[in-house]
$ cat final_30.cif   # mmCIF, C-alpha atoms
data_work
loop_
_atom_site.label_atom_id
_atom_site.label_comp_id
_atom_site.auth_asym_id
_atom_site.auth_seq_id
_atom_site.Cartn_x
_atom_site.Cartn_y
_atom_site.Cartn_z
CA MET N 254 43.70 -9.64 -21.57
CA LYS N 255 42.85 -12.70 -23.70
CA VAL N 256 39.23 -13.23 -24.64
CA ILE N 257 37.24 -16.03 -26.23
CA VAL N 258 34.21 -14.72 -28.11
CA ASP N 259 31.24 -16.25 -29.85
CA LEU N 260 30.09 -13.76 -32.47
CA CYS N 261 26.81 -13.76 -34.39
CA VAL N 262 26.08 -10.74 -36.59
CA VAL N 263 22.59 -10.58 -38.12
CA PRO N 264 21.89 -7.95 -40.81
CA ILE N 265 18.30 -6.63 -40.86
CA GLY N 266 16.65 -5.12 -43.89
CA VAL N 267 18.52 -7.07 -46.56
CA GLY N 268 16.19 -10.02 -47.02
CA VAL N 269 16.45 -13.55 -45.64
CA SER N 270 19.75 -14.71 -47.13
CA LEU N 271 22.58 -13.65 -44.85
CA SER N 272 25.48 -15.91 -45.80
CA LYS N 273 27.39 -13.32 -47.83
CA TYR N 274 27.41 -11.03 -44.78
CA VAL N 275 28.60 -13.81 -42.49
CA ALA N 276 31.34 -14.61 -45.01
CA ALA N 277 32.37 -10.94 -45.06
CA CYS N 278 32.71 -11.00 -41.26
CA GLU N 279 34.84 -14.10 -41.55
CA GLY N 280 37.03 -12.20 -43.98
CA VAL N 281 37.41 -9.32 -41.54
CA LEU N 282 38.34 -11.63 -38.67
CA SER N 283 40.79 -13.52 -40.84
CA GLU N 284 42.47 -10.31 -42.13
CA ALA N 285 42.85 -9.28 -38.49
CA GLY N 286 44.91 -12.43 -37.95
CA LEU N 287 42.47 -13.85 -35.42
CA SER N 288 41.92 -17.53 -34.88
CA THR N 289 38.31 -18.46 -35.72
CA ARG N 290 35.97 -21.47 -35.86
CA LEU N 291 32.74 -21.16 -37.83
CA HIS N 292 29.71 -23.05 -36.50
CA ALA N 293 26.03 -23.16 -37.40
CA TYR N 294 25.07 -20.23 -35.18
CA GLY N 295 28.08 -17.95 -35.10
CA THR N 296 31.85 -17.89 -35.09
CA ASN N 297 34.22 -18.59 -32.21
CA VAL N 298 37.10 -16.11 -32.06
CA GLU N 299 40.04 -15.88 -29.70
CA GLY N 300 42.71 -13.24 -29.22
CA GLU N 301 43.69 -10.14 -27.34
CA TRP N 302 40.67 -8.09 -26.21
CA ASP N 303 41.53 -4.96 -28.21
CA GLU N 304 42.23 -6.87 -31.41
CA VAL N 305 39.06 -8.93 -31.16
CA PHE N 306 36.81 -5.94 -30.51
CA ALA N 307 38.49 -3.82 -33.19
CA ALA N 308 37.60 -6.64 -35.60
CA VAL N 309 34.01 -6.81 -34.33
CA LYS N 310 33.67 -3.06 -34.95
CA ARG N 311 35.19 -3.49 -38.41
CA CYS N 312 32.56 -6.20 -39.14
CA HIS N 313 29.83 -3.66 -38.39
CA GLU N 314 31.49 -1.02 -40.58
CA VAL N 315 31.98 -3.42 -43.49
CA LEU N 316 28.42 -4.78 -43.37
CA HIS N 317 26.96 -1.29 -43.27
CA GLU N 318 29.17 -0.41 -46.28
CA MET N 319 27.76 -3.51 -48.03
CA GLY N 320 24.31 -1.94 -47.65
CA ALA N 321 22.90 -3.46 -44.45
CA PRO N 322 21.00 -0.59 -42.78
CA ARG N 323 20.67 -2.31 -39.43
CA LEU N 324 22.75 -4.91 -37.63
CA ASN N 325 21.80 -6.98 -34.62
CA THR N 326 24.74 -8.78 -33.05
CA THR N 327 24.93 -11.26 -30.21
CA ILE N 328 28.25 -11.84 -28.46
CA LYS N 329 29.18 -14.26 -25.70
CA LEU N 330 32.61 -13.60 -24.29
CA GLY N 331 34.77 -15.02 -21.59
CA THR N 332 37.89 -13.88 -19.79
CA ARG N 333 39.69 -15.63 -16.97
CA THR N 334 42.60 -14.89 -14.72
CA ASP N 335 42.98 -18.34 -13.13
CA LYS N 336 44.49 -20.03 -16.16
CA ALA N 337 45.17 -19.66 -19.88
CA GLN N 338 42.60 -21.49 -21.97
CA THR N 339 42.16 -21.66 -25.74
CA MET N 340 39.02 -22.48 -27.73
CA ASP N 341 40.46 -25.94 -28.38
CA ASP N 342 41.13 -26.44 -24.65
CA LYS N 343 37.46 -25.67 -23.94
CA VAL N 344 36.21 -28.25 -26.42
CA ARG N 345 38.71 -30.88 -25.25
CA SER N 346 37.84 -30.39 -21.58
CA VAL N 347 34.25 -31.36 -22.39
CA GLU N 348 35.18 -34.19 -24.75
CA ARG N 349 37.37 -35.78 -22.08
CA ARG N 350 34.24 -36.13 -19.92
CA ARG N 351 32.30 -38.11 -22.52
CA MET Z 1270 29.07 4.96 -34.84
CA LYS Z 1271 26.36 4.95 -32.17
CA VAL Z 1272 25.52 1.65 -30.56
CA ILE Z 1273 22.80 0.36 -28.24
CA VAL Z 1274 24.00 -2.52 -26.09
CA ASP Z 1275 22.40 -4.93 -23.66
CA LEU Z 1276 25.14 -6.05 -21.26
CA CYS Z 1277 25.03 -8.98 -18.85
CA VAL Z 1278 28.26 -9.84 -17.02
CA VAL Z 1279 28.22 -13.05 -14.97
CA PRO Z 1280 31.15 -13.76 -12.60
CA ILE Z 1281 31.97 -17.45 -12.14
CA GLY Z 1282 33.74 -18.86 -9.13
CA VAL Z 1283 32.54 -16.32 -6.55
CA GLY Z 1284 29.42 -18.06 -5.28
CA VAL Z 1285 25.78 -17.45 -6.14
CA SER Z 1286 25.34 -13.84 -5.09
CA LEU Z 1287 26.35 -11.59 -7.94
CA SER Z 1288 24.69 -8.25 -7.18
CA LYS Z 1289 27.82 -6.50 -5.93
CA TYR Z 1290 29.54 -7.29 -9.23
CA VAL Z 1291 26.59 -6.03 -11.26
CA ALA Z 1292 26.59 -2.86 -9.15
CA ALA Z 1293 30.33 -2.43 -9.81
CA CYS Z 1294 29.67 -2.65 -13.56
CA GLU Z 1295 26.97 -0.03 -13.20
CA GLY Z 1296 29.53 2.18 -11.48
CA VAL Z 1297 31.99 1.73 -14.34
CA LEU Z 1298 29.36 2.58 -16.96
CA SER Z 1299 28.22 5.59 -15.00
CA GLU Z 1300 31.77 6.91 -14.50
CA ALA Z 1301 32.22 6.58 -18.25
CA GLY Z 1302 29.33 9.01 -18.67
CA LEU Z 1303 27.19 6.48 -20.52
CA SER Z 1304 23.42 6.45 -20.40
CA THR Z 1305 22.18 3.20 -18.83
CA ARG Z 1306 18.96 1.41 -17.83
CA LEU Z 1307 19.16 -1.52 -15.43
CA HIS Z 1308 16.70 -4.38 -15.93
CA ALA Z 1309 16.27 -7.81 -14.37
CA TYR Z 1310 18.62 -9.54 -16.81
CA GLY Z 1311 21.22 -6.97 -17.75
CA THR Z 1312 21.77 -3.30 -18.41
CA ASN Z 1313 20.92 -1.31 -21.53
CA VAL Z 1314 23.68 1.10 -22.53
CA GLU Z 1315 23.91 3.59 -25.36
CA GLY Z 1316 26.74 5.71 -26.66
CA GLU Z 1317 29.56 5.91 -29.13
CA TRP Z 1318 30.99 2.47 -30.01
CA ASP Z 1319 34.49 3.11 -28.69
CA GLU Z 1320 33.28 4.56 -25.41
CA VAL Z 1321 30.81 1.75 -24.79
CA PHE Z 1322 33.31 -1.02 -25.50
CA ALA Z 1323 36.06 0.68 -23.48
CA ALA Z 1324 33.61 0.62 -20.56
CA VAL Z 1325 32.76 -3.06 -21.15
CA LYS Z 1326 36.47 -3.88 -21.05
CA ARG Z 1327 36.83 -1.82 -17.88
CA CYS Z 1328 33.98 -3.86 -16.31
CA HIS Z 1329 35.98 -7.04 -16.97
CA GLU Z 1330 39.14 -5.50 -15.51
CA VAL Z 1331 37.36 -4.23 -12.40
CA LEU Z 1332 35.53 -7.49 -11.71
CA HIS Z 1333 38.74 -9.49 -12.07
CA GLU Z 1334 40.40 -7.04 -9.64
CA MET Z 1335 37.50 -7.65 -7.23
CA GLY Z 1336 38.49 -11.32 -7.26
CA ALA Z 1337 36.29 -12.94 -9.89
CA PRO Z 1338 38.55 -15.49 -11.61
CA ARG Z 1339 36.25 -16.05 -14.57
CA LEU Z 1340 33.69 -13.86 -16.31
CA ASN Z 1341 31.02 -14.91 -18.77
CA THR Z 1342 29.38 -11.99 -20.53
CA THR Z 1343 26.51 -11.82 -22.96
CA ILE Z 1344 26.07 -8.75 -25.15
CA LYS Z 1345 23.38 -7.87 -27.64
CA LEU Z 1346 24.21 -4.83 -29.69
CA GLY Z 1347 22.65 -2.88 -32.49
CA THR Z 1348 23.87 -0.29 -34.94
CA ARG Z 1349 21.91 1.32 -37.76
CA THR Z 1350 22.64 3.73 -40.58
CA ASP Z 1351 19.05 4.40 -41.66
CA LYS Z 1352 18.14 6.59 -38.69
CA ALA Z 1353 19.21 7.76 -35.25
CA GLN Z 1354 17.44 5.82 -32.51
CA THR Z 1355 17.86 5.98 -28.74
CA MET Z 1356 16.98 3.34 -26.14
CA ASP Z 1357 13.90 5.39 -25.25
CA ASP Z 1358 12.88 5.56 -28.92
CA LYS Z 1359 13.02 1.76 -29.10
CA VAL Z 1360 10.76 1.31 -26.08
CA ARG Z 1361 8.32 3.99 -27.26
CA SER Z 1362 8.07 2.53 -30.77
CA VAL Z 1363 6.78 -0.71 -29.22
CA GLU Z 1364 4.54 1.00 -26.66
CA ARG Z 1365 2.81 2.99 -29.41
CA ARG Z 1366 1.70 -0.32 -30.93
CA ARG Z 1367 -0.06 -1.52 -27.80
CA MET P 615 10.52 -24.79 -11.92
CA LYS P 616 10.37 -21.00 -11.99
CA VAL P 617 12.38 -19.22 -14.66
CA ILE P 618 13.35 -15.62 -15.39
CA VAL P 619 13.87 -15.00 -19.08
CA ASP P 620 15.12 -12.15 -21.20
CA LEU P 621 13.54 -12.55 -24.64
CA CYS P 622 14.53 -10.78 -27.86
CA VAL P 623 12.83 -11.94 -31.07
CA VAL P 624 14.18 -10.46 -34.31
CA PRO P 625 12.24 -11.04 -37.55
CA ILE P 626 14.38 -11.26 -40.68
CA GLY P 627 13.12 -10.53 -44.17
CA VAL P 628 10.45 -7.97 -43.26
CA GLY P 629 12.46 -4.77 -43.53
CA VAL P 630 14.03 -2.65 -40.81
CA SER P 631 11.00 -1.69 -38.74
CA LEU P 632 10.34 -4.41 -36.20
CA SER P 633 8.20 -2.74 -33.53
CA LYS P 634 4.90 -4.28 -34.63
CA TYR P 635 6.43 -7.73 -34.23
CA VAL P 636 7.79 -6.94 -30.79
CA ALA P 637 4.37 -5.59 -29.81
CA ALA P 638 2.75 -8.82 -31.07
CA CYS P 639 5.12 -10.84 -28.85
CA GLU P 640 4.16 -8.64 -25.92
CA GLY P 641 0.52 -9.43 -26.69
CA VAL P 642 1.26 -13.17 -26.68
CA LEU P 643 3.10 -12.99 -23.35
CA SER P 644 0.35 -10.88 -21.83
CA GLU P 645 -2.43 -13.24 -23.02
CA ALA P 646 -0.47 -16.07 -21.42
CA GLY P 647 -0.80 -14.25 -18.10
CA LEU P 648 2.95 -13.84 -17.72
CA SER P 649 4.56 -10.96 -15.88
CA THR P 650 6.72 -8.91 -18.28
CA ARG P 651 8.94 -5.81 -18.38
CA LEU P 652 9.80 -4.30 -21.75
CA HIS P 653 13.25 -2.74 -22.14
CA ALA P 654 15.21 -1.30 -25.04
CA TYR P 655 16.72 -4.64 -26.08
CA GLY P 656 14.14 -7.26 -25.18
CA THR P 657 11.50 -8.20 -22.64
CA ASN P 658 11.98 -9.68 -19.18
CA VAL P 659 9.51 -12.48 -18.44
CA GLU P 660 9.00 -14.59 -15.36
CA GLY P 661 6.84 -17.62 -14.66
CA GLU P 662 6.73 -21.36 -14.65
CA TRP P 663 9.12 -22.93 -17.18
CA ASP P 664 6.43 -24.68 -19.25
CA GLU P 665 4.22 -21.60 -19.45
CA VAL P 666 7.07 -19.30 -20.39
CA PHE P 667 8.37 -21.56 -23.13
CA ALA P 668 4.90 -22.29 -24.49
CA ALA P 669 4.54 -18.50 -24.87
CA VAL P 670 7.93 -18.20 -26.57
CA LYS P 671 6.88 -20.87 -29.06
CA ARG P 672 3.58 -19.06 -29.60
CA CYS P 673 5.53 -15.86 -30.36
CA HIS P 674 7.35 -17.68 -33.14
CA GLU P 675 4.09 -19.10 -34.52
CA VAL P 676 2.34 -15.72 -34.45
CA LEU P 677 5.21 -13.83 -36.08
CA HIS P 678 5.48 -16.41 -38.85
CA GLU P 679 1.70 -16.06 -39.36
CA MET P 680 2.21 -12.29 -39.61
CA GLY P 681 4.50 -12.96 -42.56
CA ALA P 682 8.00 -13.07 -41.09
CA PRO P 683 9.79 -15.84 -43.01
CA ARG P 684 12.71 -16.09 -40.60
CA LEU P 685 13.08 -15.40 -36.90
CA ASN P 686 16.27 -15.04 -34.92
CA THR P 687 15.72 -15.08 -31.17
CA THR P 688 18.08 -14.57 -28.28
CA ILE P 689 17.11 -15.79 -24.82
CA LYS P 690 18.89 -15.46 -21.51
CA LEU P 691 17.32 -17.54 -18.79
CA GLY P 692 17.99 -18.27 -15.17
CA THR P 693 16.77 -20.89 -12.73
CA ARG P 694 17.85 -21.34 -9.13
CA THR P 695 17.17 -23.81 -6.38
CA ASP P 696 18.79 -21.90 -3.51
CA LYS P 697 16.06 -19.28 -3.18
CA ALA P 698 12.98 -17.82 -4.81
CA GLN P 699 13.78 -14.63 -6.70
CA THR P 700 11.57 -12.40 -8.86
CA MET P 701 12.59 -9.96 -11.58
CA ASP P 702 11.96 -7.11 -9.13
CA ASP P 703 14.15 -8.81 -6.50
CA LYS P 704 17.00 -8.96 -9.02
CA VAL P 705 16.78 -5.25 -9.81
CA ARG P 706 16.45 -4.29 -6.14
CA SER P 707 19.43 -6.41 -5.08
CA VAL P 708 21.61 -4.35 -7.43
CA GLU P 709 20.02 -1.01 -6.56
CA ARG P 710 20.69 -1.61 -2.86
CA ARG P 711 24.42 -1.73 -3.70
CA ARG P 712 24.47 1.70 -5.34
CA MET H 1068 8.28 -26.44 -36.33
CA LYS H 1069 11.99 -27.18 -36.79
CA VAL H 1070 14.44 -25.12 -34.78
CA ILE H 1071 18.20 -24.63 -34.77
CA VAL H 1072 19.50 -23.68 -31.35
CA ASP H 1073 22.81 -22.59 -29.91
CA LEU H 1074 22.80 -23.56 -26.25
CA CYS H 1075 25.21 -22.40 -23.54
CA VAL H 1076 24.40 -23.40 -19.96
CA VAL H 1077 26.58 -21.83 -17.24
CA PRO H 1078 26.31 -23.16 -13.66
CA ILE H 1079 26.90 -20.57 -10.95
CA GLY H 1080 28.04 -21.40 -7.45
CA VAL H 1081 30.05 -24.54 -8.26
CA GLY H 1082 33.48 -23.03 -8.82
CA VAL H 1083 35.29 -22.25 -12.05
CA SER H 1084 35.47 -25.66 -13.69
CA LEU H 1085 32.29 -26.25 -15.65
CA SER H 1086 33.19 -29.01 -18.11
CA LYS H 1087 31.46 -31.83 -16.25
CA TYR H 1088 28.20 -29.86 -16.39
CA VAL H 1089 28.57 -29.15 -20.09
CA ALA H 1090 29.26 -32.84 -20.66
CA ALA H 1091 26.12 -33.73 -18.68
CA CYS H 1092 24.08 -31.44 -20.96
CA GLU H 1093 25.59 -33.15 -23.96
CA GLY H 1094 24.46 -36.46 -22.49
CA VAL H 1095 20.92 -35.16 -22.07
CA LEU H 1096 20.77 -33.88 -25.66
CA SER H 1097 22.20 -37.11 -26.99
CA GLU H 1098 19.75 -39.28 -25.01
CA ALA H 1099 16.97 -37.16 -26.47
CA GLY H 1100 18.12 -38.25 -29.93
CA LEU H 1101 18.96 -34.71 -31.00
CA SER H 1102 21.67 -33.87 -33.48
CA THR H 1103 24.37 -31.74 -31.81
CA ARG H 1104 27.70 -30.02 -32.56
CA LEU H 1105 29.86 -28.93 -29.65
CA HIS H 1106 31.90 -25.75 -30.09
CA ALA H 1107 34.06 -23.64 -27.80
CA TYR H 1108 31.18 -21.49 -26.57
CA GLY H 1109 28.13 -23.72 -26.60
CA THR H 1110 26.43 -26.52 -28.49
CA ASN H 1111 24.45 -26.33 -31.72
CA VAL H 1112 21.29 -28.43 -31.61
CA GLU H 1113 18.63 -29.04 -34.22
CA GLY H 1114 15.27 -30.76 -34.09
CA GLU H 1115 11.58 -30.30 -33.54
CA TRP H 1116 10.81 -27.35 -31.23
CA ASP H 1117 9.12 -29.39 -28.51
CA GLU H 1118 11.86 -32.01 -28.39
CA VAL H 1119 14.63 -29.45 -28.28
CA PHE H 1120 13.06 -27.41 -25.50
CA ALA H 1121 12.12 -30.49 -23.48
CA ALA H 1122 15.83 -31.38 -23.59
CA VAL H 1123 16.88 -27.86 -22.57
CA LYS H 1124 14.55 -28.10 -19.57
CA ARG H 1125 15.98 -31.52 -18.77
CA CYS H 1126 19.50 -30.02 -18.82
CA HIS H 1127 18.42 -27.54 -16.14
CA GLU H 1128 16.85 -30.29 -14.05
CA VAL H 1129 19.90 -32.54 -14.31
CA LEU H 1130 22.40 -29.80 -13.48
CA HIS H 1131 20.39 -28.72 -10.46
CA GLU H 1132 20.31 -32.39 -9.36
CA MET H 1133 24.11 -32.46 -9.76
CA GLY H 1134 24.26 -29.66 -7.20
CA ALA H 1135 24.36 -26.45 -9.19
CA PRO H 1136 22.23 -23.99 -7.22
CA ARG H 1137 21.94 -21.46 -10.02
CA LEU H 1138 22.04 -21.74 -13.80
CA ASN H 1139 22.48 -18.98 -16.32
CA THR H 1140 21.73 -20.07 -19.87
CA THR H 1141 22.04 -18.26 -23.18
CA ILE H 1142 20.14 -19.54 -26.20
CA LYS H 1143 20.13 -18.32 -29.77
CA LEU H 1144 17.43 -19.95 -31.86
CA GLY H 1145 16.17 -19.71 -35.38
CA THR H 1146 13.04 -20.85 -37.18
CA ARG H 1147 12.13 -20.26 -40.78
CA THR H 1148 9.15 -20.94 -43.01
CA ASP H 1149 10.74 -20.08 -46.35
CA LYS H 1150 12.89 -23.20 -46.59
CA ALA H 1151 14.20 -26.20 -44.69
CA GLN H 1152 17.75 -25.64 -43.48
CA THR H 1153 19.98 -27.83 -41.33
CA MET H 1154 22.97 -26.82 -39.19
CA ASP H 1155 25.25 -28.24 -41.90
CA ASP H 1156 23.42 -26.24 -44.58
CA LYS H 1157 24.09 -23.06 -42.60
CA VAL H 1158 27.81 -23.73 -42.33
CA ARG H 1159 28.07 -24.75 -46.00
CA SER H 1160 26.21 -21.65 -47.22
CA VAL H 1161 28.93 -19.50 -45.61
CA GLU H 1162 31.82 -21.73 -46.70
CA ARG H 1163 30.68 -21.52 -50.34
CA ARG H 1164 31.21 -17.74 -50.15
CA ARG H 1165 34.83 -17.96 -49.11
#

$ encode --input "final_30.cif" --output "structure tokens"
Amino acid sequence: MKVIVDLCVVPIGVGVSLSKYVAACEGVLSEAGLSTRLHAYGTNVEGEWDEVFAAVKRCHEVLHEMGAPRLNTTIKLGTRTDKAQTMDDKVRSVERRR
Amino acid sequence: MKVIVDLCVVPIGVGVSLSKYVAACEGVLSEAGLSTRLHAYGTNVEGEWDEVFAAVKRCHEVLHEMGAPRLNTTIKLGTRTDKAQTMDDKVRSVERRR
Amino acid sequence: MKVIVDLCVVPIGVGVSLSKYVAACEGVLSEAGLSTRLHAYGTNVEGEWDEVFAAVKRCHEVLHEMGAPRLNTTIKLGTRTDKAQTMDDKVRSVERRR
Amino acid sequence: MKVIVDLCVVPIGVGVSLSKYVAACEGVLSEAGLSTRLHAYGTNVEGEWDEVFAAVKRCHEVLHEMGAPRLNTTIKLGTRTDKAQTMDDKVRSVERRR
């Protein structure tokens, strides 16, 4: 089952600057071979369900190892059986309507 | 790794009445032996990471089998290494402040 | 326009214990005369759109005044034109399916 | 109060193809003079709180007028008092860590 995810991991208890933690998550997703797109409020990820969620779990493990005592994550995720659709397809389908 | 999740699965393409799909998700979570609390905009779930996310995946599989061609899910999730905390602990820690 | 909201405000840069901030948000919502239900990962709120969002803004103002330098909030919200539906209706419509 | 928002509006009860509704929201945000970035799972928006949330409300009104009987929206939003930060700043602060 393919999934498109929007992932936003927020460490709590490490001060206000979070970019190094977001970059570490990007590293985890990239090492997992997943296709990603960073935006201003999260990262779009696409791939097979099990691979994507294994990487999300790994993000939590890595950020805790980096010293974050608490993590608050928001995920939007979509699956569909009616057709195959990539992240780029989703953006293009809206842009065509402009 | 323990996780507390707030899960909201929204089927798309099956009309406006979604309660039977939400009830089916509740059934999946319950069969998985997970502790849950239904609220007006989702379901709180707690358990071991792998068990919780296996159940979330199973919700997607079951709802697609029920005929939903597209699913849009929102998840909030928290993990912490500083202390053990249940869903009930979280609610009580706020209620004590009232 | 009536709206049902699930609100989760997370202060960043004030350490790991967030319950006093959540309780302050509850106070703001209550003073605004809004109907609320606290759960383990947020608060359900219902009311008129403008009143609900004025209260959400007030939550941000109050928490910044309490010293939180950064706030990360997640909101799920629903509106519908096909029928009137309260938070309790939503829960009951699922419970009837059990 | 400046706010950065990630907005994802999902119409329910209009079938599986949602791009024309997302494009209509983009039109509303653009007419409101707000700075936006479309991604595969929503739209980043930045601006003054009141202007941003007036536009979000307008999106709901417009999509209901287009015939969507039910809307399910997910919003992530951030405010901060410690420094001014744009959407582009947020992306760059992560990219610098790569």

$ resolve_selection --input "final_30.cif" --expression "the PyMOL selection byres ((chain N and resi 310-324) around 9)" --output "compact mmCIF listing (two decimals) with C-alpha atoms, in the frame of the given file"
# COMPACT_ATOMS: atom_id res chain seq x y z
CA VAL N 262 26.08 -10.74 -36.59
CA VAL N 263 22.59 -10.58 -38.12
CA PRO N 264 21.89 -7.95 -40.81
CA ILE N 265 18.30 -6.63 -40.86
CA GLY N 266 16.65 -5.12 -43.89
CA VAL N 267 18.52 -7.07 -46.56
CA TYR N 274 27.41 -11.03 -44.78
CA ALA N 277 32.37 -10.94 -45.06
CA CYS N 278 32.71 -11.00 -41.26
CA GLU N 279 34.84 -14.10 -41.55
CA GLY N 280 37.03 -12.20 -43.98
CA VAL N 281 37.41 -9.32 -41.54
CA LEU N 282 38.34 -11.63 -38.67
CA VAL N 305 39.06 -8.93 -31.16
CA PHE N 306 36.81 -5.94 -30.51
CA ALA N 307 38.49 -3.82 -33.19
CA ALA N 308 37.60 -6.64 -35.60
CA VAL N 309 34.01 -6.81 -34.33
CA ASN N 325 21.80 -6.98 -34.62
CA THR N 326 24.74 -8.78 -33.05
CA MET Z 1270 29.07 4.96 -34.84
CA TRP Z 1318 30.99 2.47 -30.01
CA ASP Z 1319 34.49 3.11 -28.69
CA LEU Z 1346 24.21 -4.83 -29.69
CA GLY Z 1347 22.65 -2.88 -32.49
CA THR Z 1348 23.87 -0.29 -34.94
CA ARG Z 1349 21.91 1.32 -37.76
CA THR Z 1350 22.64 3.73 -40.58
CA ASP Z 1351 19.05 4.40 -41.66
CA LYS Z 1352 18.14 6.59 -38.69
CA VAL P 630 14.03 -2.65 -40.81

$ residues_around --input "final_30.cif" --residues "Val1072 in chain H" --least-positions-apart "3" --cutoff "9 Å" --atoms "all atoms listed in the file" --output "PyMOL selection string"
(chain N and resi 293-294) or (chain H and resi 1110-1114+1119+1142-1145)

$ write_last_selection --input "final_30.cif" --atoms "C-alpha atoms" --output "compact mmCIF listing (two decimals), in the frame of the given file"
# COMPACT_ATOMS: atom_id res chain seq x y z
CA ALA N 293 26.03 -23.16 -37.40
CA TYR N 294 25.07 -20.23 -35.18
CA THR H 1110 26.43 -26.52 -28.49
CA ASN H 1111 24.45 -26.33 -31.72
CA VAL H 1112 21.29 -28.43 -31.61
CA GLU H 1113 18.63 -29.04 -34.22
CA GLY H 1114 15.27 -30.76 -34.09
CA VAL H 1119 14.63 -29.45 -28.28
CA ILE H 1142 20.14 -19.54 -26.20
CA LYS H 1143 20.13 -18.32 -29.77
CA LEU H 1144 17.43 -19.95 -31.86
CA GLY H 1145 16.17 -19.71 -35.38

$ calpha_fit_and_write --input "final_30.cif" --fixed "chain N" --moving "chain Z" --output "compact mmCIF listing (two decimals) with C-alpha atoms, in the coordinates of the input"
# COMPACT_ATOMS: atom_id res chain seq x y z
CA MET Z 1270 43.68 -9.65 -21.56
CA LYS Z 1271 42.86 -12.69 -23.69
CA VAL Z 1272 39.25 -13.23 -24.63
CA ILE Z 1273 37.24 -16.02 -26.24
CA VAL Z 1274 34.22 -14.71 -28.11
CA ASP Z 1275 31.24 -16.25 -29.85
CA LEU Z 1276 30.09 -13.75 -32.49
CA CYS Z 1277 26.81 -13.75 -34.39
CA VAL Z 1278 26.08 -10.73 -36.60
CA VAL Z 1279 22.59 -10.57 -38.11
CA PRO Z 1280 21.88 -7.94 -40.82
CA ILE Z 1281 18.31 -6.63 -40.86
CA GLY Z 1282 16.65 -5.12 -43.89
CA VAL Z 1283 18.53 -7.07 -46.57
CA GLY Z 1284 16.20 -10.03 -47.02
CA VAL Z 1285 16.46 -13.56 -45.65
CA SER Z 1286 19.75 -14.71 -47.13
CA LEU Z 1287 22.57 -13.66 -44.86
CA SER Z 1288 25.48 -15.92 -45.81
CA LYS Z 1289 27.39 -13.32 -47.82
CA TYR Z 1290 27.41 -11.03 -44.78
CA VAL Z 1291 28.60 -13.81 -42.48
CA ALA Z 1292 31.33 -14.62 -45.01
CA ALA Z 1293 32.36 -10.94 -45.07
CA CYS Z 1294 32.70 -11.00 -41.27
CA GLU Z 1295 34.84 -14.10 -41.54
CA GLY Z 1296 37.04 -12.21 -43.98
CA VAL Z 1297 37.41 -9.31 -41.55
CA LEU Z 1298 38.34 -11.63 -38.67
CA SER Z 1299 40.80 -13.50 -40.83
CA GLU Z 1300 42.47 -10.32 -42.12
CA ALA Z 1301 42.85 -9.28 -38.50
CA GLY Z 1302 44.91 -12.42 -37.95
CA LEU Z 1303 42.47 -13.84 -35.41
CA SER Z 1304 41.93 -17.53 -34.88
CA THR Z 1305 38.32 -18.46 -35.72
CA ARG Z 1306 35.98 -21.47 -35.88
CA LEU Z 1307 32.73 -21.17 -37.82
CA HIS Z 1308 29.70 -23.04 -36.49
CA ALA Z 1309 26.03 -23.15 -37.43
CA TYR Z 1310 25.07 -20.22 -35.20
CA GLY Z 1311 28.08 -17.95 -35.11
CA THR Z 1312 31.85 -17.90 -35.10
CA ASN Z 1313 34.21 -18.58 -32.21
CA VAL Z 1314 37.10 -16.12 -32.06
CA GLU Z 1315 40.05 -15.87 -29.71
CA GLY Z 1316 42.71 -13.25 -29.24
CA GLU Z 1317 43.70 -10.17 -27.34
CA TRP Z 1318 40.68 -8.10 -26.22
CA ASP Z 1319 41.54 -4.98 -28.20
CA GLU Z 1320 42.24 -6.87 -31.40
CA VAL Z 1321 39.06 -8.93 -31.17
CA PHE Z 1322 36.81 -5.95 -30.50
CA ALA Z 1323 38.49 -3.83 -33.19
CA ALA Z 1324 37.61 -6.64 -35.60
CA VAL Z 1325 34.00 -6.80 -34.34
CA LYS Z 1326 33.67 -3.06 -34.95
CA ARG Z 1327 35.19 -3.50 -38.40
CA CYS Z 1328 32.55 -6.20 -39.15
CA HIS Z 1329 29.83 -3.64 -38.38
CA GLU Z 1330 31.50 -1.02 -40.56
CA VAL Z 1331 31.97 -3.41 -43.48
CA LEU Z 1332 28.43 -4.79 -43.36
CA HIS Z 1333 26.96 -1.28 -43.26
CA GLU Z 1334 29.16 -0.41 -46.27
CA MET Z 1335 27.77 -3.50 -48.03
CA GLY Z 1336 24.32 -1.95 -47.63
CA ALA Z 1337 22.90 -3.45 -44.46
CA PRO Z 1338 21.00 -0.59 -42.79
CA ARG Z 1339 20.65 -2.31 -39.43
CA LEU Z 1340 22.75 -4.90 -37.62
CA ASN Z 1341 21.79 -6.98 -34.62
CA THR Z 1342 24.73 -8.78 -33.05
CA THR Z 1343 24.93 -11.26 -30.22
CA ILE Z 1344 28.25 -11.85 -28.46
CA LYS Z 1345 29.18 -14.25 -25.71
CA LEU Z 1346 32.60 -13.61 -24.30
CA GLY Z 1347 34.78 -15.03 -21.59
CA THR Z 1348 37.89 -13.89 -19.80
CA ARG Z 1349 39.68 -15.64 -16.95
CA THR Z 1350 42.62 -14.89 -14.69
CA ASP Z 1351 42.98 -18.35 -13.12
CA LYS Z 1352 44.49 -20.02 -16.18
CA ALA Z 1353 45.19 -19.66 -19.89
CA GLN Z 1354 42.59 -21.49 -21.97
CA THR Z 1355 42.16 -21.66 -25.74
CA MET Z 1356 39.02 -22.48 -27.73
CA ASP Z 1357 40.46 -25.95 -28.37
CA ASP Z 1358 41.12 -26.43 -24.65
CA LYS Z 1359 37.46 -25.67 -23.94
CA VAL Z 1360 36.21 -28.25 -26.43
CA ARG Z 1361 38.70 -30.88 -25.26
CA SER Z 1362 37.84 -30.37 -21.58
CA VAL Z 1363 34.25 -31.35 -22.39
CA GLU Z 1364 35.18 -34.19 -24.75
CA ARG Z 1365 37.37 -35.78 -22.07
CA ARG Z 1366 34.25 -36.12 -19.91
CA ARG Z 1367 32.31 -38.11 -22.49
